[in-house]
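Single-structure report; data block below.
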Amino acid sequence: MSAANGSALREHAATVVVSALSTMFAVALILTTGVMGAALDPTLIEESGTFRMTLLMVSFIFIIIALYVGAIVTANTFATIIAGRTRTIALYRLVGSTSARIRSRVAGEGLLMGAIGAVIGFVLAEALIAGVVAIGPGLGWLPEGRDYPLFDPLAIVAVAIVALTTWAAAWAGSRRVGSVSPIAATGASVELRPEESRGRRARTVWAWILIVIGVVLLALGIVASIFSPMALMIAFFGGLFSFTGIAIGAHFIMPPILKLTGKLIDRGPTGSLAAANAVRFPERSARSTIGLVIGVTLVVMFAVALDSYRAMTLIAFDNDPMMAAMLNETLAITTAIFTGLVGFSAIIAAVGLVNTLSLSVLQRTRELGLLRALGFTGSQVRRMVVAESAQMTVAALGFGIVLGVFYGWVAAQTLLGSEVGFAAPSVPWLVVAGVVVFGVALALIAAAAPARRAVRVSPVTALAVD
Amino acid sequence: MNAQAAAIETVAGVANLGKYYGNGEQRVVALHDVSVGIGRGQFTAIMGPSGSGKSTLMHVMAGLDTPSAGKVWLGGDEISGLGDAELTKLRRRRIGFIFQAFNLVPTLDVRGNIMLPFQLDGKKPSLQEMAWIDALLGQLGLAERLDHRPHELSGGQQQRVAIARALATKPDVIFADEPTGALDSRTGREVLKLLRSAVTNSGQSIVMVTHDPIAASYADRIVFLGDGKIVADRGAMTAEEISATMLNLEGHGA
């Protein structure tokens with residue numbers, strides 16, 4: 001029983017962490033807007049309402065991005081958990097449980113874990129803001145003698161929304177419960193079956209439609225940028241459509257990219273097995289990498305857009321060094337804040353990637369034992385897991401950076417093209433280097449625990465008939 | 001014990017082998033003072049009821065597990081003192097494995113699975129070895145299925161791929177753990193005939209762990225285990241004789 005609880009905890013750890021991070025992010029942003037509103041000069045009290053509203057609107061965009069990425073991660077986690085529970089589910093089906101009932105129980109676990117995570121996140125955010133308000137005035141961050149609000153009803157709404165989103169994501173991720181046959185309980189085989197490609201045609205068609213419309217609008221925007229800064233509006237919708245298309249079409253877009261990065265590590269038996277493993281469940285790999293692609297794209301896009309904007313306007317303010325210096329500083333701060341806010345989604349996505357790898361190693365104990373029996377050394381098994389991790393991270397990072405540079409450039413170009421003509425994208429190498437360092441650290445962290453577990457698999461225990 | 005075995009050169013074996021789990025009161029004896037030599041070019045079956053220690057014996061002989069006491073050797077080399085890395089390298093070419101199920105790496109096709117031991121060793125198969133592998137693939141009817149992945153094959157076909165992989169490196173010994181356990185009886189008989197012919201025609205040494213008297217009747221020699229000890233060691237027998245021996249031994253044990 002305790003073993004079962006232990007593995008349940010491990011299975012749901014990612015869900016709790018993701019909902020805690022999402023809630024912490026949302027609540028901290030909401031409370032921060034209140035604190036910033038209170039920090040405004042009291043003589044401007046009339047203005048503070050509108051100021052707070054504007055801040056909240058901007059915050060909501062980042063919160064929604066974080067929630068969206070979090071939901072993808074949770075749905076993916078649950079899909080992976082269901083794959084590992086096939087035998088147990090089959091047993092329940094065998095003794096007469098309906099799949100609808102099993103599925104709603106699984107979704108219920110999601111609601112519970114989401115609620116636990118949301119409460120943890122809420123407490124952390126409250127503690128964080130209370131700490132800032134307590135020491136902020138002393139350090140000169142905030143004006144003294146103000147009444148800073150430590151609570152906002154919106155924070156409770158955020159907690160509820162995160163819990164409910166987790167519930168919905170768990171429900172969406174557990175749809176494969178319905179395809180488990182009771183007969184699976186009687187089979188001796190515990191081999192993971194390849195995911196059958198489901199009826200994805202509608203989704204694929206929609207993804208293509210959005211991508212095509214988006215690309216056409218982006219092209220129109222770039223052409224129109226020569227005439228008017230209004231081209232940004234056309235390009236904005238182009239970006240929105242094409243990027244949404246990419247996100248929902250991840251199941252056919254990511255596998256070829258993963259195969260491509262797989263070629264980099266396809267050396268010898270270790271590399272070629274790792275390369276094959278990462279695309280073994282194409283939908284699972286697609287889901288677990290697309291979150292990171294979204295995060296990285298947004299970070300790089302904001303950074304490139306602002307940097308290109310800075311470079312282009314500096315050309316315009318060539319003869320006004322005062323103005324140029326001020327603009328430089330403002331944009332640097334804006335870039336840092338935006339990167340930080342969007343980067344949070346990338347961290348949530350990273351949790352998902354770590355978790356996918358971890359669960360997939362856990363579910364492959366038998367296969368790892370076979371490899372050990374056939375002559376894989378412990379360090380070869382370790383290298384295989386690290387290579388898988390690297391392949392997924394490189395694919396997500398590489399694709400995200402390419403998309404981010406493109407979208408960022410289009411944004412700056414369409415806004416300022418009528419002033420400065422065509423300009424090459426200005427890439428802030430510091431941000432890109434930061435993303436790469438983050439990626440390398442992620443690949444290693446993601447692989448560390450599963451690799452240790454994989455090495456510990458003895459050829460005998462893995463091959464024991466259960 | 002067996003007059004016939006004494007005349008035959010041994011290719012692997014254990015002497016005074018013990019395998020124990022836990023300590024003190026909780027100590028469980030899996031094997032105690034077991035000595036047996038495996039004849040070169042022989043088909044040896046190891047039989048016994050569940051919990052008799054037959055799988056543990058195979059795991060220790062195959063370098064998958066380490067003994068608590070006694071010696072284990074393979075070819076001319078003692079392997080009981082070897083570390084994990086050395087045992088792993090040994091398993092690549094000098095030992096072949098056929099398990100009951102889950103024998104094949106799911107992400108590799110038939111060709112990849114058969115070539116895996118060579119790749120792991122970092123050596124390309126020689127021309128001679130390639131000719132041998134081609135001949136095997138033909139014999140086993142796998143030539144047309146080289147690009148298939150395991151989930152596209154039937155249980156019997158999967159088992160034939162496992163046999164091809166085990167035979168490909170011409171190892172000192174092939175260990176087969178209930179190789180027919182997951183197959184229907186007709187497919188099971190085909191697999192047993194293939195193992196039998198590998199011994200008869202190619203001189204391959206095979207050790208098979210089984211509790212199925214029909215499977216054991218294909219062997220040249222049958223070693224019976226009970227409660228962690230060897231209780232009988234006989235030459236070839238019919239399935240009926242094996243069943244009778246088993247029942248007899250169970251009766252004595254109770």
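Labeling convention for the structure tokens: chains A, B, ... as they appear, residues from 1 per chain, ligands from 1 in order of appearance.
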Shell of 9 Å around Ala446 of chain A, only C-alpha atoms, local chain residues under 4 positions omitted, as a list in words: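 Here the qualifying residues turn out to be Ala350, Val351, Leu353, Val354, Asn355, Leu357, Ser358, Val386, Ser389, Ala390, Ala441, Leu442, Pro450 and Ala451 of chain A.
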Expected file contents, prior selection, N, CA and C atoms, as a tab-separated table (two decimals), in the first residue's frame:
chain	number	residue	atom	x	y	z
A	350	ALA	N	9.19	23.34	-18.73
A	350	ALA	CA	10.35	22.52	-18.40
A	350	ALA	C	9.98	21.42	-17.41
A	351	VAL	N	9.13	21.76	-16.45
A	351	VAL	CA	8.67	20.75	-15.49
A	351	VAL	C	8.02	19.59	-16.25
A	353	LEU	N	8.65	18.60	-19.31
A	353	LEU	CA	9.64	17.81	-20.04
A	353	LEU	C	10.37	16.85	-19.10
A	354	VAL	N	10.76	17.38	-17.93
A	354	VAL	CA	11.42	16.56	-16.91
A	354	VAL	C	10.52	15.38	-16.56
A	355	ASN	N	9.24	15.68	-16.36
A	355	ASN	CA	8.30	14.67	-15.93
A	355	ASN	C	8.07	13.59	-16.99
A	357	LEU	N	10.08	12.55	-19.32
A	357	LEU	CA	11.25	11.68	-19.41
A	357	LEU	C	11.28	10.73	-18.22
A	358	SER	N	10.98	11.30	-17.05
A	358	SER	CA	11.02	10.53	-15.82
A	358	SER	C	10.02	9.38	-15.86
A	386	VAL	N	20.36	10.37	-21.15
A	386	VAL	CA	20.80	11.76	-21.30
A	386	VAL	C	20.63	12.21	-22.76
A	389	SER	N	17.05	13.03	-23.52
A	389	SER	CA	16.72	14.32	-22.94
A	389	SER	C	17.28	15.45	-23.80
A	390	ALA	N	18.54	15.29	-24.21
A	390	ALA	CA	19.18	16.32	-25.02
A	390	ALA	C	18.45	16.50	-26.35
A	441	ALA	N	21.10	23.17	-19.02
A	441	ALA	CA	20.84	22.82	-17.62
A	441	ALA	C	19.60	21.93	-17.55
A	442	LEU	N	18.57	22.29	-18.32
A	442	LEU	CA	17.33	21.53	-18.31
A	442	LEU	C	17.56	20.09	-18.77
A	450	PRO	N	16.00	10.25	-13.80
A	450	PRO	CA	15.66	9.04	-14.56
A	450	PRO	C	16.89	8.21	-14.91
A	451	ALA	N	18.01	8.87	-15.21
A	451	ALA	CA	19.21	8.13	-15.57
A	451	ALA	C	19.68	7.30	-14.37
Listing only residues of chain B within 10 Å of chain A, what is the closest atom pair and its distance in Å (to one decimal) for each, using only C-alpha atoms, sorted by chain and residue number ascending, as a tab-separated table?
residue	atom	partner	partner_atom	distance
B:Ser55	CA	A:Ala464	CA	9.0
B:Thr56	CA	A:Val460	CA	8.9
B:His59	CA	A:Val460	CA	7.0
B:Val60	CA	A:Val460	CA	9.6
B:Ala62	CA	A:Ala373	CA	9.2
B:Gly63	CA	A:Ala373	CA	8.8
B:Leu64	CA	A:Val460	CA	6.1
B:Asp65	CA	A:Val460	CA	6.8
B:Asp84	CA	A:Thr377	CA	7.9
B:Ala85	CA	A:Thr377	CA	6.1
B:Glu86	CA	A:Thr377	CA	9.0
B:Leu87	CA	A:Gly375	CA	8.3
B:Thr88	CA	A:Gly375	CA	4.8
B:Lys89	CA	A:Gly375	CA	5.9
B:Leu90	CA	A:Gly375	CA	7.6
B:Arg91	CA	A:Gly375	CA	5.4
B:Arg92	CA	A:Gly375	CA	4.6
B:Arg93	CA	A:Gly375	CA	8.4
B:Ile95	CA	A:Leu374	CA	8.7
B:Gly96	CA	A:Leu374	CA	7.9
B:Phe97	CA	A:Leu374	CA	7.5
B:Phe99	CA	A:Leu463	CA	8.0
B:Gln100	CA	A:Val465	CA	8.3
B:Ala101	CA	A:Ser189	CA	7.2
B:Phe102	CA	A:Glu191	CA	7.0
B:Asn103	CA	A:Leu370	CA	7.1
B:Leu104	CA	A:Leu370	CA	7.8
B:Val105	CA	A:Glu367	CA	6.8
B:Pro106	CA	A:Glu367	CA	8.2
B:Thr107	CA	A:Ala276	CA	6.0
B:Leu108	CA	A:Leu273	CA	7.5
B:Gly112	CA	A:Pro269	CA	9.2
B:Met115	CA	A:Pro269	CA	9.6
B:Leu116	CA	A:Pro269	CA	7.1
B:Pro117	CA	A:Leu374	CA	6.7
B:Phe118	CA	A:Pro269	CA	9.5
B:Gln119	CA	A:Pro269	CA	6.0
B:Leu120	CA	A:Pro269	CA	6.3
B:Asp121	CA	A:Gly375	CA	8.3
B:Gly122	CA	A:Gly268	CA	8.0
B:His151	CA	A:Arg193	CA	7.8
B:Arg165	CA	A:Leu374	CA	9.9
B:Ala166	CA	A:Leu374	CA	9.6
B:Asp177	CA	A:Leu463	CA	9.9
B:Ala182	CA	A:Ala188	CA	7.8
Among the residues B:Ile242, B:Ala15, B:Ala30, B:Met47, the one that comes closest to Met208 of chain B [using only C-alpha atoms]: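 That would be B:Met47, the residue with the smallest distance to Met208 of chain B.
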Per-residue DSSP, segment 8-243 of chain B, filtered to strand (DSSP E or B), as JSON, numbers by chain: {"B": [10, 11, 12, 13, 14, 15, 16, 17, 18, 19, 20, 21, 28, 29, 30, 31, 32, 33, 34, 35, 36, 37, 38, 39, 43, 44, 45, 46, 47, 69, 70, 71, 72, 73, 74, 77, 78, 95, 96, 97, 98, 173, 174, 175, 176, 177, 206, 207, 208, 209, 210, 221, 222, 223, 224, 225, 226, 229, 230, 231, 232, 233, 234, 235]}
Selection: 12 Å around Ile257 of chain A, only C-alpha atoms, excl. self and same-chain fewer than 2 positions, as an NGL selection string: :A and (250-255 or 259-264 or 275 or 278-279 or 282 or 285-286 or 289-290 or 293 or 391-400)
Using only C-alpha atoms, which protein or nucleic acid residues come within 8 Å of Val11 of chain B? Drop anything in the same chain fewer than 4 positions from it, and give the result as a CSV table (one decimal) with C-alpha atoms, in the first residue's frame.
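To be explicit, this is the file written out as out28.csv:
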chain,number,residue,atom,x,y,z
B,37,GLY,CA,28.6,-28.8,-15.5
B,38,ILE,CA,27.0,-27.9,-18.8
B,39,GLY,CA,28.2,-30.2,-21.7
B,40,ARG,CA,29.5,-28.5,-24.8
B,74,LEU,CA,32.1,-20.0,-18.6
B,75,GLY,CA,34.4,-21.4,-21.3
B,76,GLY,CA,37.7,-21.6,-19.5
B,172,ASP,CA,29.6,-20.3,-25.7
B,173,VAL,CA,26.1,-21.0,-24.3
B,205,SER,CA,25.3,-25.5,-26.4
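Residues in contact with Asp220 of chain B at up to 6 Å, not including ones fewer than 4 positions away on its chain and judged by only C-alpha atoms, are Phe43, Thr44, Gly235 and Ala236 of chain B.
The two atoms in question, atom CA of Val177 of chain A and atom CA of Ala13 of chain A, are spaced 20.8 Å apart.
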d(atom CA of Ala160 of chain A, atom CA of Glu11 of chain A) in Å: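 Computing it gives 22.5 Å between the two atoms.
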DSSP-assigned alpha helix (DSSP H) among segment 1-185 of chain B, expressed as a ChimeraX atom specification: /B:3-7,54-61,84-93,110-120,127-139,155-168,185
d(atom CA of Leu146 of chain B, atom CA of Asp109 of chain B) in Å: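 Atom CA of Leu146 of chain B sits 6.7 Å away from atom CA of Asp109 of chain B.
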Distance criterion (only C-alpha atoms): nearest to Leu31 of chain B out of B:Ser50, B:Ser185, B:Ser243, B:Ser68: B:Ser68
List the neighbours of Thr356 of chain A out to 9 Å using only C-alpha atoms; skip same-chain residues closer than 5 positions along the sequence, and give me the result as a PDB file with C-alpha atoms, in the first residue's frame.
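Resulting contents of part_12.pdb:
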ATOM      1  CA  ASN A  76       0.393  15.253 -21.142  1.00  0.00           C
ATOM      2  CA  THR A  77       1.289  14.027 -17.651  1.00  0.00           C
ATOM      3  CA  THR A  80       1.532   9.276 -19.701  1.00  0.00           C
ATOM      4  CA  ARG A 284       3.592  12.238 -26.246  1.00  0.00           C
ATOM      5  CA  SER A 285       6.912  13.738 -27.336  1.00  0.00           C
ATOM      6  CA  SER A 288       5.890  17.457 -23.953  1.00  0.00           C
ATOM      7  CA  VAL A 351       8.665  20.755 -15.487  1.00  0.00           C
ATOM      8  CA  VAL A 361      11.960   5.652 -17.915  1.00  0.00           C
TER       9      VAL A 361
END
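Restricting the calculation to only C-alpha atoms, the smallest distance between Arg189 of chain B and any of B:Gly24, B:Gly156, B:Pro171, B:Gly48 is found for B:Gly156.
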Surrounding residues of Ala26 of chain A excluding itself and chain neighbours under 4 positions, 7 Å, only C-alpha atoms, as a PyMOL selection string: chain A and resi 22+30+63+158
Shortest interatomic distance to Glu419 of chain A - which of A:Val299, A:Val123, A:Ala336, A:Ile315, counting only C-alpha atoms: A:Ile315
